[in-house]
>>> print(open('start16.cif').read())   # mmCIF, C-alpha atoms
data_input
#
loop_
_atom_site.label_atom_id
_atom_site.label_comp_id
_atom_site.auth_asym_id
_atom_site.auth_seq_id
_atom_site.Cartn_x
_atom_site.Cartn_y
_atom_site.Cartn_z
CA MET A 70 0.00 0.00 0.00
CA ASN A 71 1.42 3.29 -1.01
CA LYS A 72 -0.90 5.07 1.36
CA TYR A 73 1.85 5.46 3.89
CA LYS A 74 4.25 6.91 1.41
CA VAL A 75 2.27 10.07 0.88
CA LYS A 76 4.19 13.01 2.10
CA LEU A 77 2.00 15.61 3.65
CA LYS A 78 2.37 19.04 2.25
CA VAL A 79 0.71 22.03 3.78
CA PHE A 80 -1.73 23.61 1.38
CA GLU A 81 -2.87 27.19 1.55
CA GLY A 82 -6.37 26.22 0.54
CA PRO A 83 -8.49 24.07 -1.75
CA LEU A 84 -7.26 25.82 -4.89
CA ASP A 85 -3.69 25.25 -3.86
CA LEU A 86 -4.40 21.58 -3.31
CA LEU A 87 -6.15 21.27 -6.68
CA LEU A 88 -3.25 22.90 -8.49
CA TYR A 89 -0.92 20.48 -6.79
CA LEU A 90 -3.00 17.49 -7.89
CA ILE A 91 -3.19 18.80 -11.46
CA LYS A 92 0.56 19.23 -11.57
CA LYS A 93 1.24 15.88 -9.94
CA ASN A 94 -0.97 14.06 -12.43
CA GLU A 95 0.44 16.06 -15.31
CA VAL A 96 -2.97 16.81 -16.70
CA ASN A 97 -4.00 19.80 -18.78
CA ILE A 98 -5.57 22.47 -16.65
CA TYR A 99 -8.06 23.25 -19.45
CA ASP A 100 -9.19 19.66 -19.59
CA ILE A 101 -9.23 18.36 -16.05
CA PRO A 102 -10.27 14.72 -15.62
CA VAL A 103 -12.74 15.66 -12.92
CA ALA A 104 -13.58 12.14 -11.77
CA GLU A 105 -9.96 11.25 -11.11
CA ILE A 106 -8.99 14.56 -9.53
CA THR A 107 -12.08 14.50 -7.33
CA LYS A 108 -11.16 11.04 -6.14
CA GLN A 109 -7.67 12.16 -5.21
CA TYR A 110 -8.97 15.32 -3.62
CA LEU A 111 -11.32 13.37 -1.39
CA THR A 112 -8.56 10.90 -0.52
CA TYR A 113 -6.48 13.81 0.59
CA LEU A 114 -9.25 15.21 2.76
CA GLU A 115 -9.70 11.78 4.29
CA PHE A 116 -6.02 11.75 4.96
CA MET A 117 -6.16 15.11 6.69
CA ARG A 118 -8.98 13.83 8.83
CA GLU A 119 -7.02 10.76 9.86
CA LEU A 120 -4.18 12.95 10.92
CA ASP A 121 -6.62 14.97 12.95
CA LEU A 122 -5.85 18.09 11.00
CA ASN A 123 -8.53 20.66 11.12
CA ILE A 124 -10.19 20.64 7.74
CA ALA A 125 -11.25 24.15 6.96
CA GLY A 126 -14.75 24.60 5.63
CA ASP A 127 -13.33 25.91 2.38
CA PHE A 128 -11.92 22.47 1.60
CA LEU A 129 -15.35 20.91 2.07
CA VAL A 130 -17.04 23.50 -0.10
CA MET A 131 -14.60 22.69 -2.88
CA ALA A 132 -15.26 18.99 -2.43
CA ALA A 133 -18.96 19.67 -2.94
CA THR A 134 -18.21 21.77 -6.01
CA LEU A 135 -16.07 19.01 -7.49
CA LEU A 136 -18.76 16.41 -6.93
CA TYR A 137 -21.33 18.70 -8.47
CA ILE A 138 -19.20 19.21 -11.57
CA LYS A 139 -18.54 15.51 -11.79
CA SER A 140 -22.26 14.71 -11.65
CA ARG A 141 -23.08 17.33 -14.24
CA MET A 142 -20.53 15.88 -16.61
CA LEU A 143 -22.10 12.46 -16.24
CA LEU A 144 -25.56 13.69 -17.14
CA PRO A 145 -26.55 13.47 -20.79
CA GLN A 146 -27.02 16.80 -22.53
CA GLU A 147 -30.61 17.85 -22.59
CA GLU A 148 -31.58 18.17 -26.22
CA GLU A 149 -34.77 20.13 -25.62
CA PHE A 150 -32.89 23.20 -24.65
CA MET A 151 -30.93 23.26 -27.86
CA ASP A 152 -33.41 25.67 -29.38
CA ASP A 153 -32.63 28.30 -26.81
CA GLU A 154 -29.30 28.82 -28.48
CA ILE A 155 -27.53 28.45 -25.21
CA PRO A 156 -24.14 27.05 -26.05
CA ASP A 157 -23.19 24.02 -24.05
CA GLU A 158 -20.96 25.33 -21.39
CA ASP A 159 -18.34 23.20 -19.84
CA PRO A 160 -19.29 22.69 -16.19
CA ARG A 161 -15.59 22.91 -15.41
CA GLU A 162 -15.19 26.35 -16.92
CA GLU A 163 -15.74 28.41 -13.81
CA LEU A 164 -13.42 26.29 -11.73
CA VAL A 165 -10.70 26.45 -14.37
CA LYS A 166 -11.02 30.22 -14.45
CA LYS A 167 -10.61 30.38 -10.70
CA LEU A 168 -7.65 28.05 -10.76
CA LEU A 169 -5.88 30.07 -13.43
CA GLU A 170 -6.53 33.30 -11.60
CA TYR A 171 -5.19 31.88 -8.37
CA LYS A 172 -2.20 30.38 -10.16
CA LYS A 173 -1.20 33.81 -11.46
CA PHE A 174 -1.11 35.22 -7.96
CA LYS A 175 0.78 32.22 -6.71
CA GLU A 176 3.40 33.07 -9.29
CA VAL A 177 3.45 36.70 -8.24
CA ALA A 178 3.83 35.56 -4.63
CA GLY A 179 6.88 33.62 -5.77
CA ILE A 180 8.32 36.70 -7.44
CA LEU A 181 7.67 38.73 -4.30
CA LYS A 182 9.38 36.07 -2.26
CA GLU A 183 12.54 36.49 -4.35
CA LYS A 184 12.31 40.26 -4.05
CA GLU A 185 11.88 39.92 -0.31
CA THR A 186 14.99 37.78 -0.01
CA GLU A 187 16.99 40.24 -2.10
CA SER A 188 15.69 43.21 -0.18
CA SER A 189 16.22 41.67 3.22
CA ASP A 190 19.94 41.57 2.56
CA VAL A 191 19.95 45.30 2.19
CA PHE A 192 19.86 47.44 5.30
CA LYS A 193 18.58 50.95 5.50
CA ARG A 194 19.27 53.55 8.11
CA TYR A 195 18.38 52.55 11.58
CA VAL A 196 16.72 55.36 13.43
CA ALA A 197 17.07 55.01 17.15
CA VAL A 198 14.73 57.72 18.35
CA PRO A 199 11.67 58.74 16.40
CA GLU A 200 11.17 62.46 16.34
CA GLY A 201 8.67 64.05 18.61
CA ILE A 202 8.95 61.62 21.45
CA MET A 203 12.01 62.68 23.31
CA GLU A 204 11.62 66.42 22.89
CA ASP A 205 9.07 66.94 25.62
CA ASP A 206 10.12 64.11 27.83
CA GLU A 207 11.25 66.36 30.65
CA GLU A 208 7.79 67.69 31.12
CA CYS A 209 6.60 64.15 31.37
CA GLN A 210 7.93 62.59 34.51
CA GLY A 211 5.02 60.35 33.84
CA PHE A 212 4.36 57.04 35.37
CA GLU A 213 2.85 54.37 33.22
CA ALA A 214 -0.89 54.63 33.27
CA SER A 215 -2.75 51.46 34.01
CA ILE A 216 -5.74 50.10 32.18
CA PHE A 217 -7.85 51.47 35.02
CA ASP A 218 -6.64 55.00 34.46
CA LEU A 219 -7.63 54.57 30.88
CA ILE A 220 -11.03 53.23 31.85
CA SER A 221 -11.72 56.09 34.20
CA ALA A 222 -10.70 58.57 31.54
CA PHE A 223 -12.98 56.74 29.20
CA THR A 224 -15.95 56.90 31.54
CA GLU A 225 -15.26 60.55 32.16
CA ALA A 226 -15.25 61.20 28.46
CA LEU A 227 -18.40 59.20 27.84
CA LYS A 228 -20.28 61.67 29.99
CA ASN A 229 -19.33 64.45 27.64
CA ILE A 230 -20.73 62.86 24.58
CA PRO A 231 -23.78 64.84 23.57
CA LYS A 232 -27.02 62.97 23.92
CA ASP A 233 -29.00 63.16 20.76
CA ASP A 234 -32.31 61.42 21.11
CA PHE A 235 -33.32 61.88 17.54
CA LYS A 236 -30.66 59.77 15.93
CA VAL A 237 -31.85 56.23 15.82
CA VAL A 238 -30.34 55.18 12.53
CA LEU A 239 -27.66 52.67 13.23
CA ASP A 240 -24.49 53.24 11.36
CA ALA A 241 -21.76 50.69 11.16
CA GLU A 242 -19.26 53.33 10.26
CA HIS A 243 -16.84 52.50 13.00
CA THR A 244 -14.57 49.53 13.15
CA VAL A 245 -11.64 48.77 15.38
CA GLU A 246 -9.45 48.41 12.31
CA GLU A 247 -10.36 51.86 11.14
CA LYS A 248 -9.71 53.44 14.50
CA THR A 249 -6.43 51.59 14.87
CA GLU A 250 -5.33 52.92 11.53
CA PHE A 251 -6.51 56.40 12.47
CA ILE A 252 -4.54 56.43 15.72
CA LEU A 253 -1.38 55.12 14.07
CA THR A 254 -1.60 57.60 11.21
CA LEU A 255 -2.08 60.46 13.62
CA LEU A 256 0.88 59.22 15.66
CA ASP A 257 3.01 59.09 12.55
CA GLN A 258 2.18 62.69 11.84
CA LYS A 259 2.30 64.14 15.31
CA GLY A 260 4.49 61.83 17.35
CA VAL A 261 2.34 62.30 20.43
CA ILE A 262 -1.40 62.44 20.84
CA TYR A 263 -3.24 63.73 23.87
CA PHE A 264 -6.24 61.69 24.83
CA LYS A 265 -8.54 64.68 25.29
CA ASN A 266 -7.62 66.09 21.91
CA ILE A 267 -8.97 63.14 20.01
CA TRP A 268 -11.77 62.47 22.37
CA TYR A 269 -13.78 65.56 21.57
CA ARG A 270 -14.18 64.37 17.99
CA ILE A 271 -16.08 61.32 19.03
CA ARG A 272 -19.74 61.56 18.29
CA SER A 273 -21.45 58.47 19.63
CA ARG A 274 -21.22 55.91 22.34
CA LEU A 275 -20.54 53.22 19.79
CA GLU A 276 -17.68 55.17 18.31
CA ALA A 277 -16.26 55.73 21.77
CA VAL A 278 -16.35 52.05 22.57
CA VAL A 279 -14.77 51.10 19.27
CA PHE A 280 -12.11 53.73 19.79
CA PHE A 281 -11.36 52.42 23.24
CA LEU A 282 -11.08 48.87 21.94
CA ALA A 283 -8.66 50.08 19.29
CA LEU A 284 -6.51 51.68 21.99
CA LEU A 285 -6.43 48.47 24.02
CA GLU A 286 -5.60 46.46 20.93
CA LEU A 287 -2.69 48.77 20.12
CA ILE A 288 -1.37 48.53 23.66
CA ARG A 289 -1.55 44.77 23.48
CA LEU A 290 0.40 44.77 20.25
CA LYS A 291 2.92 47.12 21.85
CA LYS A 292 2.31 49.62 19.07
CA ILE A 293 1.66 52.48 21.45
CA ILE A 294 2.53 53.54 24.95
CA ILE A 295 0.03 55.27 27.17
CA ARG A 296 1.41 57.55 29.80
CA GLN A 297 -0.19 59.89 32.25
CA ILE A 298 1.38 63.08 33.47
CA GLY A 299 0.72 62.92 37.19
CA ILE A 300 -2.37 61.62 38.90
CA PHE A 301 -5.53 62.81 37.13
CA GLY A 302 -3.25 64.37 34.57
CA GLU A 303 -3.26 64.30 30.84
CA ILE A 304 -3.11 60.94 29.16
CA LYS A 305 -0.56 60.85 26.44
CA ILE A 306 -0.39 58.35 23.61
CA SER A 307 2.95 57.83 21.96
CA LYS A 308 4.88 55.24 20.04
CA PRO A 309 7.04 52.87 22.05
CA LEU A 310 10.76 53.51 22.09
CA PRO A 311 12.23 51.14 19.58
CA VAL A 312 14.24 48.25 20.85
CA LEU A 313 17.54 47.58 19.20
CA ASN A 314 16.11 45.15 16.77
CA TYR A 315 15.73 46.25 13.25
CA GLU A 316 12.16 45.97 12.20
CA LEU A 317 10.72 46.52 8.81
CA MET B 245 33.80 74.28 -3.23
CA SER B 246 32.04 74.38 -6.57
CA PHE B 247 28.28 74.68 -6.73
CA GLU B 248 27.95 71.18 -8.19
CA ASN B 249 30.00 69.73 -5.39
CA LYS B 250 27.99 71.55 -2.81
CA VAL B 251 24.73 70.22 -4.27
CA LYS B 252 26.17 66.74 -4.25
CA HIS B 253 27.18 67.02 -0.63
CA ILE B 254 23.83 68.40 0.46
CA ILE B 255 22.08 65.49 -1.23
CA GLU B 256 24.46 63.12 0.49
CA ALA B 257 23.70 64.68 3.87
CA LEU B 258 19.95 64.45 3.25
CA LEU B 259 20.12 60.81 2.24
CA PHE B 260 22.44 60.03 5.12
CA VAL B 261 19.97 61.25 7.70
CA SER B 262 16.67 60.21 6.15
CA GLU B 263 15.12 56.94 7.22
CA ARG B 264 12.56 56.99 4.40
CA PRO B 265 13.31 57.10 0.70
CA LEU B 266 13.56 60.72 -0.43
CA SER B 267 11.75 61.65 -3.61
CA LEU B 268 13.22 63.99 -6.18
CA GLU B 269 10.56 66.54 -5.22
CA GLN B 270 11.53 66.40 -1.56
CA ILE B 271 15.18 66.98 -2.37
CA LYS B 272 14.22 69.74 -4.77
CA SER B 273 12.12 71.49 -2.13
CA VAL B 274 15.21 71.73 0.04
CA LEU B 275 17.78 72.51 -2.59
CA ASP B 276 15.85 74.86 -4.80
CA THR B 277 17.76 73.89 -7.90
CA GLU B 278 16.92 72.14 -11.13
CA LYS B 279 15.97 68.50 -11.05
CA LYS B 280 18.67 67.82 -13.63
CA ALA B 281 21.36 69.02 -11.25
CA ILE B 282 19.99 66.83 -8.48
CA VAL B 283 19.85 63.74 -10.67
CA SER B 284 23.39 64.26 -11.85
CA GLY B 285 24.50 64.80 -8.26
CA ILE B 286 22.86 61.53 -7.26
CA ASN B 287 24.46 59.73 -10.16
CA GLU B 288 27.89 61.01 -9.16
CA LEU B 289 27.33 59.84 -5.60
CA LYS B 290 26.25 56.45 -6.94
CA GLU B 291 29.49 56.11 -8.83
CA GLU B 292 31.58 57.13 -5.84
CA TYR B 293 29.85 54.64 -3.57
CA ASP B 294 30.03 51.82 -6.07
CA SER B 295 33.78 52.02 -6.26
CA ASN B 296 34.77 52.28 -2.67
CA HIS B 297 32.00 52.01 -0.09
CA SER B 298 29.92 49.45 1.77
CA PHE B 299 26.70 51.28 0.96
CA LYS B 300 24.88 52.45 -2.13
CA ILE B 301 21.90 54.48 -3.28
CA ARG B 302 18.90 52.44 -4.26
CA GLU B 303 15.82 53.70 -6.04
CA VAL B 304 12.84 52.45 -4.14
CA ALA B 305 9.22 53.43 -3.52
CA GLY B 306 9.59 56.39 -5.85
CA GLY B 307 12.61 57.82 -4.06
CA TYR B 308 16.26 57.46 -3.22
CA GLN B 309 17.60 55.72 -0.18
CA LEU B 310 21.00 54.92 1.26
CA VAL B 311 21.31 51.22 1.93
CA THR B 312 24.13 48.82 2.65
CA ASP B 313 25.47 46.35 0.11
CA ALA B 314 23.97 42.89 0.37
CA GLU B 315 27.50 41.61 0.90
CA TYR B 316 27.55 42.92 4.47
CA SER B 317 24.19 41.52 5.52
CA PRO B 318 25.57 38.66 7.65
CA TRP B 319 27.25 41.09 10.04
CA LEU B 320 24.42 43.60 10.08
CA ARG B 321 21.96 40.83 10.77
CA LYS B 322 23.98 39.76 13.78
CA LEU B 323 23.65 43.19 15.30
CA PHE B 324 20.10 44.08 14.35
CA GLN B 325 18.10 40.90 13.98
CA GLY B 326 19.82 38.49 16.27
CA GLY B 327 21.06 36.65 13.18
CA ARG B 328 17.58 35.79 11.96
CA LYS B 329 16.18 36.42 8.56
CA GLU B 330 12.60 37.61 8.67
CA HIS B 331 10.17 36.64 6.01
CA LEU B 332 6.48 36.60 5.28
CA SER B 333 4.44 33.41 5.18
CA ARG B 334 3.18 32.06 1.88
CA ALA B 335 -0.36 33.07 2.80
CA ALA B 336 0.83 36.62 3.47
CA LEU B 337 2.74 36.78 0.18
CA GLU B 338 -0.25 35.55 -1.81
CA THR B 339 -2.59 37.95 -0.09
CA VAL B 340 -0.38 40.98 -0.50
CA ALA B 341 0.19 40.03 -4.15
CA ILE B 342 -3.55 40.04 -4.78
CA VAL B 343 -3.95 43.39 -2.99
CA ALA B 344 -1.09 44.84 -5.03
CA TYR B 345 -2.79 44.03 -8.34
CA LYS B 346 -6.44 44.48 -7.45
CA GLN B 347 -6.24 47.49 -5.18
CA PRO B 348 -8.33 48.96 -3.79
CA VAL B 349 -9.87 45.64 -2.95
CA THR B 350 -12.10 44.19 -0.22
CA LYS B 351 -11.32 41.19 1.95
CA PRO B 352 -14.08 39.02 0.42
CA GLU B 353 -12.71 39.74 -3.05
CA VAL B 354 -9.23 38.62 -2.00
CA ALA B 355 -10.65 35.55 -0.26
CA GLN B 356 -12.60 34.73 -3.41
CA ILE B 357 -9.37 34.54 -5.42
CA ARG B 358 -7.40 32.64 -2.81
CA GLY B 359 -10.24 30.28 -2.03
CA VAL B 360 -9.63 30.74 1.68
CA ASP B 361 -10.46 33.25 4.33
CA VAL B 362 -7.92 36.09 4.68
CA ASP B 363 -8.96 37.78 7.94
CA GLY B 364 -5.91 36.80 9.96
CA VAL B 365 -3.43 37.37 7.17
CA MET B 366 -4.83 40.79 6.35
CA ARG B 367 -4.50 41.84 9.98
CA LYS B 368 -0.86 40.74 9.95
CA LEU B 369 -0.23 42.76 6.80
CA LEU B 370 -1.90 45.80 8.36
CA GLU B 371 0.24 45.42 11.48
CA LYS B 372 3.35 45.23 9.36
CA GLY B 373 2.24 48.33 7.50
CA LEU B 374 2.35 46.60 4.13
CA VAL B 375 -1.31 47.30 3.42
CA ARG B 376 -3.55 50.09 4.57
CA LEU B 377 -7.25 50.87 4.70
CA ALA B 378 -8.34 52.76 1.63
CA GLY B 379 -11.90 53.73 2.34
CA ARG B 380 -15.04 51.74 1.79
CA LYS B 381 -16.58 50.21 -1.27
CA LYS B 382 -19.92 51.70 -2.20
CA VAL B 383 -21.85 48.46 -2.19
CA VAL B 384 -24.17 46.84 0.31
CA GLY B 385 -22.44 46.49 3.67
CA ARG B 386 -19.85 49.08 2.68
CA PRO B 387 -16.88 46.71 3.08
CA ILE B 388 -13.44 48.14 3.82
CA LEU B 389 -11.07 48.53 0.90
CA TYR B 390 -7.38 47.69 1.17
CA SER B 391 -4.36 49.04 -0.73
CA THR B 392 -0.64 48.48 -0.54
CA THR B 393 1.58 51.10 1.09
CA LYS B 394 4.87 52.77 0.29
CA LYS B 395 6.34 50.48 2.87
CA PHE B 396 5.21 47.56 0.74
CA LEU B 397 7.36 48.89 -2.12
CA GLU B 398 10.25 49.49 0.26
CA TYR B 399 9.94 46.05 1.82
CA PHE B 400 10.15 44.31 -1.53
CA GLY B 401 12.68 46.76 -2.95
CA LEU B 402 10.32 47.94 -5.68
CA ASN B 403 10.44 51.43 -7.10
CA SER B 404 6.81 51.38 -8.18
CA LEU B 405 3.96 48.94 -8.70
CA GLU B 406 4.74 48.97 -12.41
CA GLU B 407 7.81 46.87 -11.65
CA LEU B 408 5.56 43.91 -10.98
CA PRO B 409 4.96 41.83 -14.11
CA PRO B 410 1.60 42.50 -15.82
CA LEU B 411 -0.89 39.76 -15.01
CA ASP B 412 -1.65 39.20 -18.70
CA GLU B 413 1.97 38.35 -19.25
CA LEU B 414 1.72 35.67 -16.61
CA VAL B 415 -1.28 34.25 -18.46
CA GLU B 416 0.67 34.21 -21.70
CA MET B 417 3.51 32.42 -19.99
CA GLU B 418 0.97 29.91 -18.76
CA GLN B 419 -0.45 29.33 -22.22
CA GLU B 420 2.97 29.05 -23.80
CA ASN B 421 3.85 26.40 -21.28
CA ALA B 422 0.65 24.55 -22.07
CA ASP B 423 1.37 24.80 -25.80
CA ASN B 424 4.88 23.50 -25.34
CA GLU B 425 3.60 20.54 -23.45
CA ASN B 426 1.18 19.57 -26.21
#
>>> encode(input="start16.cif", output="structure tokens")
Amino acid sequence: MNKYKVKLKVFEGPLDLLLYLIKKNEVNIYDIPVAEITKQYLTYLEFMRELDLNIAGDFLVMAATLLYIKSRMLLPQEEEFMDDEIPDEDPREELVKKLLEYKKFKEVAGILKEKETESSDVFKRYVAVPEGIMEDDEECQGFEASIFDLISAFTEALKNIPKDDFKVVLDAEHTVEEKTEFILTLLDQKGVIYFKNIWYRIRSRLEAVVFFLALLELIRLKKIIIRQIGIFGEIKISKPLPVLNYEL
Amino acid sequence: MSFENKVKHIIEALLFVSERPLSLEQIKSVLDTEKKAIVSGINELKEEYDSNHSFKIREVAGGYQLVTDAEYSPWLRKLFQGGRKEHLSRAALETVAIVAYKQPVTKPEVAQIRGVDVDGVMRKLLEKGLVRLAGRKKVVGRPILYSTTKKFLEYFGLNSLEELPPLDELVEMEQENADNEN
């Protein structure tokens, strides 16, 4: 049994696996022997299951698609519809299109990989201290503010949000991603942000909550440092001092 | 010191200090001289460095940047990266490749091409600053659009997106290969 000889390769997804099978079987991508490829695809899924790998839903969806195509190819063409002038389309067409599209980007990814390797051998200037952080450090004999300081500032600020009873339309305008990006962009421009200065822009409770989550997320990722100048003082958001470890 | 030499030295000083690639416009805004003079100054510097220095000027992300020669990477890596070589995962490379060509593009559109979900990968790319949010698509649900950043160009040592091969060319290559096989 050659079952045990199969070397497991990690696939990025169902398309990746299909491309692999097509290449391995040396079949033409424009004329895929669906029955055979489907069989191998399912064997592979079975194999993943045996190894207790988590089979992502995407793999199962593709399995269903393959079986559907296979069944459609087995069905005889319905002659009655010939009058409608609908050309017989190959049930495989859509899948082939997707495979080719994905294959292109796989190739580009390969090109990028080479570029990355080349580029990673080249070092640019290492900047030890970003501008705008050290300049006013004397004024800030700050201690590190805790999450609780942040929460109390947050509650304080929530009170100041104008209550507008007439707005009931729910808008999903605010996402953590967006706020994260906003904070980082502002930091890039200004170096330091004061909590109160951005807070007054916030219009709704939802936005405030999302904004707060974004702050916590950034702290967790060590993308920002929150400091408070004295008890009950200003809360300052800045970028962390870089460690001596070149980072792209 | 001649004017040309002075210009050359000012450019050198600017490049020396700047951590980001400097565009011709940025240099011009400081120097207040013709672009031609700046380009020739840069070219002279390039020649000087090539002959007798461990660094060079590379054209990247639409600007000029002082970087070290690849030859010295083993030593630099020891100091700055603890000897490791960082690289992106295959999923990240594929995803950023799709964003680069299809931008601005939404997450579902990228996932559609890759055949797998890209939530985690996209977040990684955002964290690394290789992609950015580029507004929202005006369709139902107003999904977020993503684009590549200047840092993306810098990271891969590209001067502009045009340096990536056109997708059609990749298709042709594909078809040629298929033809050759038959």
>>> resolve_selection(input="start16.cif", expression="the PyMOL selection byres ((chain A and resi 164) around 12)", output="JSON, numbers by chain")
{"A": [83, 84, 87, 88, 98, 99, 100, 101, 103, 131, 132, 134, 135, 137, 138, 139, 159, 160, 161, 162, 163, 165, 166, 167, 168, 169, 170, 171], "B": [356, 357, 359]}
>>> closest_atom_pairs(input="start16.cif", of="chain A", to="chain B", cutoff="9 Å", atoms="only C-alpha atoms", output="CSV")
residue,atom,partner,partner_atom,distance
A:Glu81,CA,B:Ala335,CA,6.5
A:Gly82,CA,B:Val360,CA,5.7
A:Pro83,CA,B:Gly359,CA,6.5
A:Leu84,CA,B:Gly359,CA,6.1
A:Asp85,CA,B:Arg358,CA,8.3
A:Asn97,CA,B:Ala422,CA,7.4
A:Ile98,CA,B:Ala422,CA,8.5
A:Ala125,CA,B:Val360,CA,8.6
A:Gly126,CA,B:Val360,CA,8.9
A:Asp127,CA,B:Val360,CA,6.1
A:Phe128,CA,B:Val360,CA,8.6
A:Met131,CA,B:Gly359,CA,8.8
A:Lys167,CA,B:Ile357,CA,6.8
A:Leu168,CA,B:Ile357,CA,8.6
A:Leu169,CA,B:Val415,CA,8.0
A:Glu170,CA,B:Ile357,CA,6.9
A:Tyr171,CA,B:Ile357,CA,5.8
A:Lys173,CA,B:Leu414,CA,6.2
A:Phe174,CA,B:Glu338,CA,6.2
A:Lys175,CA,B:Glu338,CA,6.0
A:Glu176,CA,B:Leu414,CA,7.9
A:Val177,CA,B:Ala341,CA,6.2
A:Ala178,CA,B:Glu338,CA,5.0
A:Gly179,CA,B:Leu337,CA,7.9
A:Ile180,CA,B:Leu408,CA,8.5
A:Leu181,CA,B:Phe400,CA,6.7
A:Lys182,CA,B:Leu337,CA,7.1
A:Glu183,CA,B:Phe400,CA,8.6
A:Lys184,CA,B:Phe400,CA,5.2
A:Glu185,CA,B:Phe400,CA,4.9
A:Thr186,CA,B:His331,CA,7.8
A:Glu187,CA,B:Gly401,CA,7.9
A:Ser188,CA,B:Gly401,CA,5.4
A:Ser189,CA,B:Lys329,CA,7.5
A:Asp190,CA,B:Ala314,CA,4.8
A:Val191,CA,B:Ala314,CA,5.0
A:Phe192,CA,B:Thr312,CA,5.2
A:Lys193,CA,B:Val311,CA,4.5
A:Arg194,CA,B:Glu263,CA,5.4
A:Tyr195,CA,B:Glu263,CA,7.0
A:Val196,CA,B:Glu263,CA,6.6
A:Ala241,CA,B:Gly385,CA,8.6
A:Glu242,CA,B:Arg386,CA,8.7
A:Glu246,CA,B:Leu377,CA,8.3
A:Glu247,CA,B:Leu377,CA,7.2
A:Glu250,CA,B:Leu377,CA,7.4
A:Leu290,CA,B:Glu371,CA,8.8
A:Lys292,CA,B:Glu371,CA,8.9
A:Leu313,CA,B:Phe324,CA,6.5
A:Asn314,CA,B:Phe324,CA,4.8
A:Tyr315,CA,B:Phe324,CA,5.0
A:Glu316,CA,B:Gln325,CA,8.0
A:Leu317,CA,B:Tyr399,CA,7.0
>>> residues_around(input="start16.cif", residues="Lys305 (chain A)", least_positions_apart="2", cutoff="7 Å", atoms="all atoms listed in the file", output="PyMOL selection string")
chain A and resi 261-264+295-297+303+307
>>> atom_distance(input="start16.cif", atom1="CA of Leu143 (chain A)", atom2="CA of Lys108 (chain A)")
15.0 Å
>>> axis_aligned_box(input="start16.cif", around="region 348-364 of chain B", padding_each_side="3 Å", output="AutoDock Vina command-line options")
--center_x -10.0 --center_y 39.6 --center_z 2.3 --size_x 14.2 --size_y 24.7 --size_z 21.4
>>> closest_residue(input="start16.cif", among="A:Glu225, A:Ile220, A:Pro309, A:Ala277", to="Leu256 (chain A)", atoms="all atoms listed in the file")
A:Pro309
>>> atom_distance(input="start16.cif", atom1="CA of His243 (chain A)", atom2="CA of Ser273 (chain A)")
10.0 Å
>>> closest_residue(input="start16.cif", among="A:Arg141, A:Lys93, A:Leu287, A:Leu129", to="Phe251 (chain A)", atoms="only C-alpha atoms")
A:Leu287
>>> atom_distance(input="start16.cif", atom1="CA of Thr244 (chain A)", atom2="CA of Leu397 (chain B)")
26.7 Å
>>> resolve_selection(input="start16.cif", expression="the PyMOL selection byres ((chain B and resi 349) around 6)", output="JSON, numbers by chain")
{"B": [346, 347, 348, 350, 389, 390]}
>>> closest_residue(input="start16.cif", among="B:Val304, B:Ala355, B:Ala257, B:Val274", to="Lys394 (chain B)", atoms="all atoms listed in the file")
B:Val304
>>> residues_around(input="start16.cif", residues="Leu266 (chain B)", least_positions_apart="3", cutoff="7 Å", atoms="all atoms listed in the file", output="VMD selection string")
chain B and resid 270 to 271 307 to 309
